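Visitor: Below are the structure tokens for one structure; questions will follow.
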Amino acid sequence: MPGQSCKGQIMSKLAFIFPGQGSQFIGMGKDLADTSQAAKEVFQEVDDALGEKLSAMMWQGDEAELKLTMNTQPALMAVSVAAIRALSSETGMGLDRAAFVAGHSLGEYSALAAVDAIRLADCARVLRIRGNAMQAAVPAGHGGMAALLGATPEQANALCQTAGKAGPCEVANDNAPGQIVISGAAAAIAAACDLAKETGIKKAVPLPVSAPFHCSMMQPAADAMAEALAQIDISTPAVPLIANVAADEIVEPALIRSSLVAQVTGQVRWRESVNYMVSKGVSTMIEAGAGNVLSVMNRRTAKGVVGQTMGTPADIESVAELLEEF
């Protein structure tokens, strides 16, 4: 088992983590495809599954088009899986050395595809459905999100209760200490921003998002995902998944399926997920995919944990050296 010596002595453990929406940029994954046949095949399989050249749009397209939720979600998943496949192909090492995998929101799908719990083509198709369904769930302008800087979970919940008089207002993401995101009706989010300082919160910043993700207003999208996920096979993952909504490890396919549905309207409990992995001995977290958003956030939650990005060929060389220790 990862993290255990032959004498039964507990050693440090490793986790692979997968970023969510907001990490995307034009050109992401291109150098992986140029240097690794395994990575190139991932992008081709995703293109084939969607019936379009998503990879071309990712590498030479318009940033506004990439930011569309329907494109962002399968695109980020493709980069994450390409990085994992490139690592395995080029070094012979990979997820078998990990104790856990976890992903932030859509990153949970990337994690499941990476550990072969969901087939890559199925994952691309359900993420396209997810992106469209989340965008269509609430009419433009009717919902919003805001980041609460310096807020505790208790302060955020109290603020949501007060602002909730104007409509749904809920904690969407508990990302790190002092970094909480709320989501809900536009009027309620505006009220929360106005009331934030009165509840001792340093600052509330409205976010430029197209819909109120991870709140009860996303129920139509959750219904669509329940239908979509019922049509695909989900297998037991090779490595336990730390689920967003539970902040705990799950491996049963039925539980994974229901967790992915609940995640659409539920809170992304990322801070708790990171703390859970640390409590189980994880000392290193490798962020597979585009950017370093999770690695930066995790420094606030678990200061002693080593963070390593893996989104370029150079990163893969660094990760291969790191994996020798596990």
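In the structure tokens, the first chain shown is A, the next is B, and so on; residue numbers restart at 1 for each chain, and ligands run from 1 in the order shown.
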Extract the full set of alpha helix (DSSP H) residues from range 2-239 of chain A according to DSSP on the backbone, and format it as a VMD selection string.
Guide: chain A and resid 30 to 35 37 to 50 54 to 60 63 to 66 69 to 91 107 to 114 120 to 136 153 to 163 186 to 195 219 to 229
Visitor: Rank nothing, just name the residue among A:Glu321, A:Glu227, A:Asp248, A:Asp315 nearest to Ser279 in chain A, using only C-alpha atoms.
Guide: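 Among the listed residues, the smallest separation from Ser279 in chain A belongs to A:Asp248.
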Visitor: Write out as CSV a residue-level contact list of range 152-226 of chain A versus range 105-125 of chain A with cut-off 10 Å: for each qualifying residue the closest pair of atoms and the distance in Å to one decimal, counting only C-alpha atoms, rows sorted by chain and residue number upward.
Guide:
```
residue,atom,partner,partner_atom,distance
A:Asn173,CA,A:Ser105,CA,9.1
A:Phe213,CA,A:Ser105,CA,9.8
A:His214,CA,A:Ser105,CA,8.7
```
Visitor: Those residues with N, CA and C atoms, as a compact mmCIF listing (two decimals), in the first residue's frame please?
Guide:
```txt
# COMPACT_ATOMS: atom_id res chain seq x y z
N ASN A 173 -18.50 27.04 -1.75
CA ASN A 173 -17.15 26.49 -1.65
C ASN A 173 -16.52 26.93 -0.33
N PHE A 213 -23.39 28.63 -9.09
CA PHE A 213 -23.01 27.22 -8.97
C PHE A 213 -23.05 26.74 -7.52
N HIS A 214 -23.24 25.44 -7.36
CA HIS A 214 -23.19 24.77 -6.05
C HIS A 214 -24.15 25.38 -5.03
```
Visitor: As a list in words, which residues of range 280-312 of chain A does DSSP assign to strand (DSSP E)?
Guide: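 Taking range 280-312 of chain A and keeping strand (DSSP E) only, one gets Val282, Ser283, Thr284, Met285, Ile286, Glu287, Ala288, Val306, Gly307, Gln308, Thr309 and Met310 of chain A.
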Visitor: Please provide the set of residues having any atom within 8 Å of Phe43 in chain A, restricted to only C-alpha atoms, with same-chain residues fewer than 2 positions apart removed, written as a compact mmCIF listing (two decimals) with C-alpha atoms, in the first residue's frame.
Guide:
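In the end it all went to part-v3.txt:
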```txt
# COMPACT_ATOMS: atom_id res chain seq x y z
CA ALA A 33 0.33 16.68 -26.68
CA ALA A 39 -1.33 12.72 -23.96
CA LYS A 40 -2.05 13.38 -27.64
CA GLU A 41 -4.36 10.36 -27.71
CA GLU A 45 -10.40 10.73 -27.77
CA VAL A 46 -12.11 13.72 -26.17
CA ASP A 47 -12.48 15.40 -29.58
CA SER A 55 -8.41 20.66 -28.63
CA ALA A 78 -8.74 16.45 -20.80
CA VAL A 79 -5.61 18.31 -19.65
CA ALA A 82 -3.42 13.85 -20.41
```
Visitor: Can you pull out every residue within 12 Å of Lys67 in chain A, counting only C-alpha atoms, but drop anything in the same chain fewer than 5 positions away, and send it as a list in words?
Guide: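 Everything that qualifies: Gln21, Gly22, Ser23, Gln24, Phe25, Ile26, Met57, Met58, Gly61, Asp62, Thr72, Gln73, Pro74, Ala75, Leu76, Gly131, Gln135, Pro208, Val209 and Ser210 of chain A.
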Visitor: Write out, as a PDB file, in the first residue's frame, the residues just selected, with N, CA and C atoms.
Guide:
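Produced file result_10.pdb, reproduced below:
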```
ATOM      1  N   GLN A  21     -13.025  24.643 -12.471  1.00  0.00           N
ATOM      2  CA  GLN A  21     -13.226  25.787 -13.362  1.00  0.00           C
ATOM      3  C   GLN A  21     -12.526  27.023 -12.815  1.00  0.00           C
ATOM      4  N   GLY A  22     -11.900  27.782 -13.695  1.00  0.00           N
ATOM      5  CA  GLY A  22     -11.122  28.951 -13.301  1.00  0.00           C
ATOM      6  C   GLY A  22      -9.638  28.756 -13.560  1.00  0.00           C
ATOM      7  N   SER A  23      -9.228  27.504 -13.792  1.00  0.00           N
ATOM      8  CA  SER A  23      -7.815  27.210 -14.051  1.00  0.00           C
ATOM      9  C   SER A  23      -7.474  27.246 -15.537  1.00  0.00           C
ATOM     10  N   GLN A  24      -8.477  27.402 -16.385  1.00  0.00           N
ATOM     11  CA  GLN A  24      -8.264  27.277 -17.829  1.00  0.00           C
ATOM     12  C   GLN A  24      -7.507  28.462 -18.429  1.00  0.00           C
ATOM     13  N   PHE A  25      -6.771  28.180 -19.507  1.00  0.00           N
ATOM     14  CA  PHE A  25      -6.115  29.228 -20.282  1.00  0.00           C
ATOM     15  C   PHE A  25      -5.848  28.684 -21.687  1.00  0.00           C
ATOM     16  N   ILE A  26      -5.808  29.578 -22.651  1.00  0.00           N
ATOM     17  CA  ILE A  26      -5.534  29.176 -24.028  1.00  0.00           C
ATOM     18  C   ILE A  26      -4.115  28.601 -24.122  1.00  0.00           C
ATOM     19  N   MET A  57      -9.712  24.455 -30.295  1.00  0.00           N
ATOM     20  CA  MET A  57     -10.225  25.648 -29.611  1.00  0.00           C
ATOM     21  C   MET A  57      -9.408  25.940 -28.353  1.00  0.00           C
ATOM     22  N   MET A  58      -8.996  24.882 -27.647  1.00  0.00           N
ATOM     23  CA  MET A  58      -8.190  25.062 -26.434  1.00  0.00           C
ATOM     24  C   MET A  58      -6.834  25.680 -26.741  1.00  0.00           C
ATOM     25  N   GLY A  61      -7.881  28.881 -29.921  1.00  0.00           N
ATOM     26  CA  GLY A  61      -9.186  29.528 -29.966  1.00  0.00           C
ATOM     27  C   GLY A  61      -9.264  30.831 -29.198  1.00  0.00           C
ATOM     28  N   ASP A  62     -10.498  31.266 -29.008  1.00  0.00           N
ATOM     29  CA  ASP A  62     -10.782  32.521 -28.317  1.00  0.00           C
ATOM     30  C   ASP A  62     -10.980  32.240 -26.824  1.00  0.00           C
ATOM     31  N   THR A  72     -15.236  24.665 -20.966  1.00  0.00           N
ATOM     32  CA  THR A  72     -14.240  24.644 -19.896  1.00  0.00           C
ATOM     33  C   THR A  72     -14.160  23.287 -19.218  1.00  0.00           C
ATOM     34  N   GLN A  73     -15.326  22.696 -18.934  1.00  0.00           N
ATOM     35  CA  GLN A  73     -15.340  21.494 -18.121  1.00  0.00           C
ATOM     36  C   GLN A  73     -14.673  20.298 -18.816  1.00  0.00           C
ATOM     37  N   PRO A  74     -15.063  19.935 -20.025  1.00  0.00           N
ATOM     38  CA  PRO A  74     -14.341  18.825 -20.672  1.00  0.00           C
ATOM     39  C   PRO A  74     -12.896  19.176 -21.005  1.00  0.00           C
ATOM     40  N   ALA A  75     -12.619  20.452 -21.277  1.00  0.00           N
ATOM     41  CA  ALA A  75     -11.255  20.856 -21.625  1.00  0.00           C
ATOM     42  C   ALA A  75     -10.306  20.665 -20.445  1.00  0.00           C
ATOM     43  N   LEU A  76     -10.702  21.123 -19.273  1.00  0.00           N
ATOM     44  CA  LEU A  76      -9.847  20.966 -18.097  1.00  0.00           C
ATOM     45  C   LEU A  76      -9.666  19.499 -17.735  1.00  0.00           C
ATOM     46  N   GLY A 131     -21.976  21.028 -18.100  1.00  0.00           N
ATOM     47  CA  GLY A 131     -21.754  22.437 -18.382  1.00  0.00           C
ATOM     48  C   GLY A 131     -22.986  23.115 -18.946  1.00  0.00           C
ATOM     49  N   GLN A 135     -25.417  25.923 -16.911  1.00  0.00           N
ATOM     50  CA  GLN A 135     -25.636  27.234 -17.503  1.00  0.00           C
ATOM     51  C   GLN A 135     -27.116  27.519 -17.702  1.00  0.00           C
ATOM     52  N   PRO A 208     -17.287  37.266 -11.185  1.00  0.00           N
ATOM     53  CA  PRO A 208     -17.800  37.362 -12.562  1.00  0.00           C
ATOM     54  C   PRO A 208     -18.150  35.985 -13.121  1.00  0.00           C
ATOM     55  N   VAL A 209     -19.200  35.379 -12.586  1.00  0.00           N
ATOM     56  CA  VAL A 209     -19.615  34.051 -13.025  1.00  0.00           C
ATOM     57  C   VAL A 209     -20.926  34.146 -13.787  1.00  0.00           C
ATOM     58  N   SER A 210     -21.206  33.103 -14.562  1.00  0.00           N
ATOM     59  CA  SER A 210     -22.390  33.115 -15.418  1.00  0.00           C
ATOM     60  C   SER A 210     -23.602  32.476 -14.770  1.00  0.00           C
TER      61      SER A 210
END
```
Visitor: What separation in Å, quoted to one decimal, exists between CA of Met134 in chain A and CA of Ala222 in chain A?
Guide: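 Spanning CA of Met134 in chain A to CA of Ala222 in chain A is a straight-line distance of 8.2 Å.
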